[in-house]
Amino acid sequence: MTASAVVFWVLTLIVLASAAVVVLSRSLINSAFALLATFSGVAGFYVLLGADFLAAVQFLVYVGGILILLVFGVMLTHRIQDLDLRAEARQLVPGLFVAAGVFILLAAVATRTPWAIGAGRLPSATTAEIGRAFLGKYLLPFEAASILLLVALIGAALIVRKREDA
Amino acid sequence: MDALLRLFSLIPGWDQNVPAWASISLAGLLAAGLCLGFISLGPVGYVYVERKLAGFMQDRLGPMRVGPWGLLQTIADTIKLLFKEAIFPAAVNRPLFVVAPCLVVIGAFMGFAVLPFSPTWQGTDLDVGAFYVIAIGSLSTVGLIMAGWASNNKYALFGAMRSAAQIVSYEIPAVMSLIVVVMIAGSLSLQQIVAAQAGGLHNWFLWKFFPLNVIAFLVFFTATLAECNRTPFDIPEAESELVAGFHTEYSGFFFAMFFLAEYTEMFVASAMVSVLFLGGFAAPLPVLQTVAGFDIGPVWLIAKAWALVFVHMWLRWTLPRLRVDQLMHVAWKVLLPIALFLIVVIGGLLTAPATAGGFPWDPWFGWPLTALLCGYLMLTALRAWRWHARQVREAVA
């Protein structure tokens with residue numbers, strides 16, 4: 001087994017185990033903190049694939065932004081420690097269907113994409129390539145996503161703002 | 001790490017017998033050990049300097065009893081702290097309570113992986129170095145929140161919430177003013193950012209597009225000050241209202257870890273500021289770069305970082321603490337608009353061929369400004385020292 005395979009399996013173990021904690025844990029706060037290991041593990045996968053910029057983004061956005069806001073929200077919830085928030089209903093058959101559907105979709109994408117396999121050189125600096133792709137070929141989807149985020153931001157600000165007439 | 005790897009190759013038969021991954025891992029471990037030694041011994045010095053400085057600024061003597069001029073005071077304090085019992089209050093969430101300080105220290109320590117001490121003395125020259133430092137900073141924030149939550153104490157929780165809000169807010173002006181430097185250097189790699197500033201004081205990014213980059217420097221420095229939770233931004237542990245903020249319930253070694261993390265963060269943040277704006281390991285005068293054939297880049301980086309750590313301490317004993325709303329006001333309504341303005345203006349200047357290399361007056365302003373600044377700082381220090389000496393004399397007389 002090569003060194004990168006060892007690293008891959010260790011990361012897989014970390015991601016799966018912590019993801020299991022996220023889903024199965026009784027306390028919401030433990031779930032939230034277990035997400036830290038999941039996100040870090042995914043960042044590790046990016047590093048393993050040579051996508052250094054994506055790894056840093058993964059860490060900055062998911063750990064630095066989303067996780068912290070999530071924990072913030074959890075902490076503001078009243079008496080969170082004694083609350084058991086796991087879902088009561090267990091829907092095995094629909095769940096299996098959804099899982100199978102997602103699996104088929106992902107497998108189809110993974111097998112049908114023409115991956116650049118072979119004795120190529122890894123792109124030495126991914127940052128420049130990503131920047132060119134975003135501001136060149138994929139400018140329209142990039143800007144559409146920006147506008148979507150801007151709308152969400154303005155919407156959130158409007159909702160929390162105190163109305164002057166009320 | 002490159003330097004260590006080259007050192008290994010000097011051992012006869014090393015390259016033939018030791019696989020590459022083993023020698024890289026060994027070099028990494030050694031380098032990490034070196035940095036760990038540096039940061040764990042650091043606070044002993046920093047705390048002494050900080051207490052002496054506090055004494056000087058408040059016109060008293062500071063620690064004087066243990067050893068000559070109190071030099072052994074912090075060593076005694078450290079030993080006491082390490083041997084003290086770590087108390088676990090009954091209602092804490094034990095696993096999180098233990099993991100939290102570790103996360104904070106890891107987050108602070110990981111910055112050392114990319115700090116360039118010289119062209120060869122660097123953990124690794126990541127292509128996204130500057131971005132990496134910002135990204136791993138979030139680990140410390142998670143650690144602080146975890147500490148506050150696990151303590152099961154309302155003051156600790158308040159401290160953690162304040163700290164999270166503060167760090168998340170100040171990250172934005174920090175990144176925005178970082179972009180200015182990245183745009184000028186054309187790279188996120190810290191090694192290349194320093195290389196773009198080599199050749200003397202006047203090449204430092206601080207003086208580029210004078211006075212625009214000075215403003216960017218001030219914005220970035222203020223933001224890093226806030227991310228280190230130092231006064232005037234120390235509301236997460238405001239002792240007059242929150243006991244000790246997020247580390248209220250911590251004692252013994254666990255408390256020491258928070259302390260270690262705080263001083264490490266201060267050093268890493270100051271080193272980042274000096275890499276981005278003050279030339280990093282590049283000497284102020286090109287002739288000072290080597291001494292007897294040796295590259296003394298590490299000395300320059302550490303000296304610059306320590307000078308900025310001194311400014312951190314200086315501000316701590318000079319400025320009053322900000323209120324929460326003032327803090328948010330500064331981040332979102334003052335620093336962020338300034339940083340955005342700088343990005344737009346400097347981006348425009350860089351694309352225009354006439355100013356792509358800086359303003360026409362940049363090379364003329366760099367030297368005199370630096371000399372003026374250094375002169376002013378020395379004069380201020382001298383005046384403060386003479387005033388202090390006179391006060392002591394009058395008190396004795």
# chains A, B, ... in the order shown; residues from 1 in each chain; ligands from 1
$ interface_residues --of "chain B" --to "chain A" --cutoff "10 Å" --atoms "only C-alpha atoms" --output "JSON, numbers by chain"
{"B": [21, 95, 96, 126, 127, 128, 129, 131, 132, 133, 134, 135, 136, 137, 138, 139, 140, 141, 142, 143, 145, 146, 149, 150, 157, 160, 161, 164, 165, 167, 168, 171, 186, 187, 188]}
$ write_last_selection --atoms "N, CA and C atoms" --output "CSV table (one decimal), in the first residue's frame"
chain,number,residue,atom,x,y,z
B,21,TRP,N,10.1,9.6,1.9
B,21,TRP,CA,9.0,10.0,2.8
B,21,TRP,C,9.5,10.1,4.2
B,95,PRO,N,-15.0,15.8,28.0
B,95,PRO,CA,-14.2,15.7,26.7
B,95,PRO,C,-14.0,17.0,26.0
B,96,LEU,N,-15.1,17.8,25.9
B,96,LEU,CA,-14.9,19.1,25.2
B,96,LEU,C,-14.0,20.0,26.0
B,126,LEU,N,3.8,26.9,0.7
B,126,LEU,CA,2.5,26.7,0.1
B,126,LEU,C,2.2,27.7,-1.0
B,127,ASP,N,1.5,27.3,-2.1
B,127,ASP,CA,1.1,28.3,-3.1
B,127,ASP,C,0.0,29.2,-2.5
B,128,VAL,N,-0.7,28.7,-1.5
B,128,VAL,CA,-1.8,29.5,-0.9
B,128,VAL,C,-1.4,30.0,0.5
B,129,GLY,N,-0.1,30.2,0.8
B,129,GLY,CA,0.4,30.4,2.1
B,129,GLY,C,-0.4,31.5,2.9
B,131,PHE,N,-3.3,32.7,2.4
B,131,PHE,CA,-4.7,32.2,2.6
B,131,PHE,C,-4.8,31.2,3.7
B,132,TYR,N,-3.7,30.3,3.7
B,132,TYR,CA,-3.7,29.2,4.7
B,132,TYR,C,-3.7,29.7,6.1
B,133,VAL,N,-2.9,30.8,6.3
B,133,VAL,CA,-2.7,31.4,7.7
B,133,VAL,C,-4.1,31.9,8.2
B,134,ILE,N,-4.8,32.5,7.3
B,134,ILE,CA,-6.1,33.0,7.6
B,134,ILE,C,-7.1,31.9,7.9
B,135,ALA,N,-7.0,30.8,7.1
B,135,ALA,CA,-7.9,29.7,7.2
B,135,ALA,C,-7.8,28.9,8.5
B,136,ILE,N,-6.5,28.6,8.9
B,136,ILE,CA,-6.3,27.8,10.1
B,136,ILE,C,-6.6,28.6,11.4
B,137,GLY,N,-6.7,30.0,11.2
B,137,GLY,CA,-7.0,30.8,12.4
B,137,GLY,C,-8.4,30.4,12.9
B,138,SER,N,-9.3,29.9,12.0
B,138,SER,CA,-10.7,29.5,12.5
B,138,SER,C,-10.7,28.4,13.5
B,139,LEU,N,-9.6,27.6,13.4
B,139,LEU,CA,-9.6,26.4,14.4
B,139,LEU,C,-9.5,27.0,15.8
B,140,SER,N,-8.7,28.0,16.0
B,140,SER,CA,-8.7,28.6,17.4
B,140,SER,C,-10.0,29.1,17.8
B,141,THR,N,-10.8,29.7,16.9
B,141,THR,CA,-12.1,30.2,17.2
B,141,THR,C,-13.0,29.1,17.7
B,142,VAL,N,-13.0,28.0,17.0
B,142,VAL,CA,-13.8,26.9,17.4
B,142,VAL,C,-13.4,26.4,18.8
B,143,GLY,N,-12.1,26.4,19.0
B,143,GLY,CA,-11.6,26.0,20.3
B,143,GLY,C,-12.1,26.9,21.4
B,145,ILE,N,-14.8,28.7,21.4
B,145,ILE,CA,-16.3,28.5,21.6
B,145,ILE,C,-16.5,27.2,22.4
B,146,MET,N,-15.7,26.2,22.1
B,146,MET,CA,-15.8,24.9,22.7
B,146,MET,C,-15.5,25.1,24.2
B,149,TRP,N,-18.3,26.8,26.0
B,149,TRP,CA,-19.5,26.0,26.1
B,149,TRP,C,-19.2,24.9,27.2
B,150,ALA,N,-18.1,24.3,27.1
B,150,ALA,CA,-17.8,23.1,27.9
B,150,ALA,C,-17.7,23.5,29.4
B,157,LEU,N,-19.3,31.4,28.7
B,157,LEU,CA,-20.1,31.3,27.5
B,157,LEU,C,-20.2,32.7,26.9
B,160,ALA,N,-17.0,33.4,25.2
B,160,ALA,CA,-16.8,32.6,23.9
B,160,ALA,C,-17.7,33.3,22.8
B,161,MET,N,-18.9,33.7,23.1
B,161,MET,CA,-19.8,34.2,22.1
B,161,MET,C,-19.2,35.5,21.6
B,164,ALA,N,-16.2,34.8,19.4
B,164,ALA,CA,-16.6,34.3,18.1
B,164,ALA,C,-17.1,35.4,17.2
B,165,ALA,N,-17.9,36.3,17.7
B,165,ALA,CA,-18.5,37.4,16.9
B,165,ALA,C,-17.3,38.3,16.5
B,167,ILE,N,-14.0,37.6,16.2
B,167,ILE,CA,-13.0,37.1,15.3
B,167,ILE,C,-13.6,36.9,13.9
B,168,VAL,N,-14.9,36.5,13.9
B,168,VAL,CA,-15.5,36.3,12.6
B,168,VAL,C,-15.6,37.7,11.9
B,171,GLU,N,-12.1,39.0,10.7
B,171,GLU,CA,-11.4,38.3,9.7
B,171,GLU,C,-11.6,39.0,8.3
B,186,GLY,N,1.2,39.6,-6.7
B,186,GLY,CA,0.8,38.7,-7.7
B,186,GLY,C,0.9,37.3,-7.3
B,187,SER,N,0.9,37.0,-6.0
B,187,SER,CA,1.1,35.6,-5.5
B,187,SER,C,0.5,35.5,-4.1
B,188,LEU,N,0.1,34.3,-3.7
B,188,LEU,CA,-0.3,34.1,-2.3
B,188,LEU,C,0.8,33.4,-1.5
$ residues_around --residues "Leu260 in chain B" --least-positions-apart "5" --cutoff "9 Å" --atoms "only C-alpha atoms" --output "PyMOL selection string"
chain B and resi 39-40+42-43+105+108+255+265
$ closest_residue --among "B:Asn17, B:His247, B:Gly107, B:Gly123" --to "Leu4 in chain B" --atoms "only C-alpha atoms"
B:Gly123
$ select_by_dssp --residues "chain A" --states "alpha helix (DSSP H)" --output "PyMOL selection string"
chain A and resi 3-24+28-48+52-58+68-76+92-112+126-135+139-160
$ write_last_selection --atoms "C-alpha atoms" --output "tab-separated table (two decimals), in the first residue's frame"
chain	number	residue	atom	x	y	z
A	3	ALA	CA	1.68	6.23	1.55
A	4	SER	CA	-1.12	8.17	-0.14
A	5	ALA	CA	-3.42	5.14	0.12
A	6	VAL	CA	-2.73	4.94	3.86
A	7	VAL	CA	-3.51	8.63	4.21
A	8	PHE	CA	-6.67	8.17	2.15
A	9	TRP	CA	-8.00	5.38	4.36
A	10	VAL	CA	-7.14	7.22	7.57
A	11	LEU	CA	-8.98	10.30	6.29
A	12	THR	CA	-11.93	8.17	5.19
A	13	LEU	CA	-12.12	6.64	8.65
A	14	ILE	CA	-12.05	10.09	10.29
A	15	VAL	CA	-14.72	11.51	7.98
A	16	LEU	CA	-17.07	8.52	8.26
A	17	ALA	CA	-16.69	8.11	12.01
A	18	SER	CA	-17.26	11.78	12.77
A	19	ALA	CA	-20.14	11.95	10.30
A	20	ALA	CA	-21.71	9.01	12.15
A	21	VAL	CA	-21.34	10.96	15.40
A	22	VAL	CA	-23.00	13.98	13.77
A	23	VAL	CA	-26.03	11.92	12.77
A	24	LEU	CA	-26.35	9.59	15.76
A	28	LEU	CA	-26.81	18.56	19.42
A	29	ILE	CA	-23.66	20.29	20.63
A	30	ASN	CA	-21.61	17.10	20.21
A	31	SER	CA	-22.98	16.74	16.70
A	32	ALA	CA	-21.97	20.29	15.93
A	33	PHE	CA	-18.42	19.82	17.20
A	34	ALA	CA	-18.07	16.45	15.46
A	35	LEU	CA	-18.63	18.36	12.23
A	36	LEU	CA	-15.21	19.91	12.85
A	37	ALA	CA	-13.54	16.54	12.25
A	38	THR	CA	-15.72	15.86	9.19
A	39	PHE	CA	-14.91	19.20	7.57
A	40	SER	CA	-11.21	18.88	8.38
A	41	GLY	CA	-11.16	15.38	6.91
A	42	VAL	CA	-12.72	16.62	3.68
A	43	ALA	CA	-10.10	19.40	3.59
A	44	GLY	CA	-7.53	16.61	3.97
A	45	PHE	CA	-8.95	14.88	0.87
A	46	TYR	CA	-8.50	18.08	-1.10
A	47	VAL	CA	-4.89	18.31	0.05
A	48	LEU	CA	-4.36	14.68	-0.97
A	52	ASP	CA	-4.49	23.31	-2.07
A	53	PHE	CA	-6.70	26.33	-2.72
A	54	LEU	CA	-9.89	24.29	-2.34
A	55	ALA	CA	-8.59	22.81	0.91
A	56	ALA	CA	-7.99	26.26	2.35
A	57	VAL	CA	-11.41	27.43	1.17
A	58	GLN	CA	-13.03	24.33	2.66
A	68	ILE	CA	-19.04	28.70	14.06
A	69	LEU	CA	-22.43	30.11	13.05
A	70	LEU	CA	-23.98	26.69	13.61
A	71	VAL	CA	-22.54	26.41	17.10
A	72	PHE	CA	-23.64	29.97	17.74
A	73	GLY	CA	-27.18	29.04	16.80
A	74	VAL	CA	-27.10	25.89	18.89
A	75	MET	CA	-25.89	27.81	21.93
A	76	LEU	CA	-28.69	30.33	21.66
A	92	LEU	CA	-36.40	2.82	6.19
A	93	VAL	CA	-37.78	2.20	2.70
A	94	PRO	CA	-38.00	5.82	1.48
A	95	GLY	CA	-34.61	6.47	3.04
A	96	LEU	CA	-33.09	3.58	1.14
A	97	PHE	CA	-34.65	4.84	-2.08
A	98	VAL	CA	-33.21	8.33	-1.61
A	99	ALA	CA	-29.79	6.94	-0.69
A	100	ALA	CA	-29.80	4.64	-3.72
A	101	GLY	CA	-30.87	7.51	-5.97
A	102	VAL	CA	-28.09	9.76	-4.74
A	103	PHE	CA	-25.60	6.93	-5.10
A	104	ILE	CA	-26.65	6.23	-8.69
A	105	LEU	CA	-26.43	9.91	-9.55
A	106	LEU	CA	-22.96	10.27	-8.04
A	107	ALA	CA	-21.75	7.03	-9.60
A	108	ALA	CA	-23.04	8.14	-13.00
A	109	VAL	CA	-21.19	11.46	-12.67
A	110	ALA	CA	-18.02	9.71	-11.50
A	111	THR	CA	-17.98	7.16	-14.30
A	112	ARG	CA	-19.13	9.35	-17.15
A	126	THR	CA	-4.40	25.71	-8.76
A	127	THR	CA	-5.28	29.19	-7.55
A	128	ALA	CA	-4.48	30.93	-10.84
A	129	GLU	CA	-6.36	28.30	-12.85
A	130	ILE	CA	-9.44	28.59	-10.66
A	131	GLY	CA	-9.32	32.37	-10.92
A	132	ARG	CA	-9.08	32.25	-14.71
A	133	ALA	CA	-11.91	29.74	-14.96
A	134	PHE	CA	-14.19	31.81	-12.69
A	135	LEU	CA	-13.55	35.13	-14.37
A	139	LEU	CA	-18.15	34.02	-15.52
A	140	LEU	CA	-21.92	33.84	-15.86
A	141	PRO	CA	-22.57	30.99	-13.37
A	142	PHE	CA	-20.06	32.62	-10.99
A	143	GLU	CA	-21.84	35.96	-11.10
A	144	ALA	CA	-25.23	34.27	-10.82
A	145	ALA	CA	-24.05	32.56	-7.62
A	146	SER	CA	-22.73	35.91	-6.33
A	147	ILE	CA	-26.10	37.55	-6.95
A	148	LEU	CA	-27.86	34.68	-5.21
A	149	LEU	CA	-25.62	35.15	-2.16
A	150	LEU	CA	-26.15	38.91	-2.24
A	151	VAL	CA	-29.93	38.42	-2.32
A	152	ALA	CA	-29.69	36.02	0.64
A	153	LEU	CA	-27.55	38.55	2.53
A	154	ILE	CA	-29.93	41.45	1.91
A	155	GLY	CA	-32.88	39.23	2.78
A	156	ALA	CA	-31.32	38.20	6.08
A	157	ALA	CA	-30.50	41.80	6.94
A	158	LEU	CA	-34.07	42.84	6.12
A	159	ILE	CA	-35.59	40.10	8.28
A	160	VAL	CA	-33.56	40.91	11.39
$ atom_distance --atom1 "CA of Ala100 in chain B" --atom2 "CA of Met176 in chain B"
28.8 Å
$ atom_distance --atom1 "CA of Ile296 in chain B" --atom2 "CA of Ser118 in chain B"
7.8 Å
$ atom_distance --atom1 "CA of Lys208 in chain B" --atom2 "CA of Leu342 in chain B"
12.4 Å
$ residues_around --residues "Pro298 in chain B" --least-positions-apart "2" --cutoff "8 Å" --atoms "only C-alpha atoms" --output "list of chain:residue names"
B:Phe117, B:Ser118, B:Trp121, B:Phe281, B:Ile296, B:Trp300, B:Leu301, B:Ile302
$ residues_around --residues "range 196-201 of chain B" --least-positions-apart "4" --cutoff "10 Å" --atoms "only C-alpha atoms" --output "PyMOL selection string"
chain B and resi 184-187+190-192+205-208+275-289+366-367+369-371
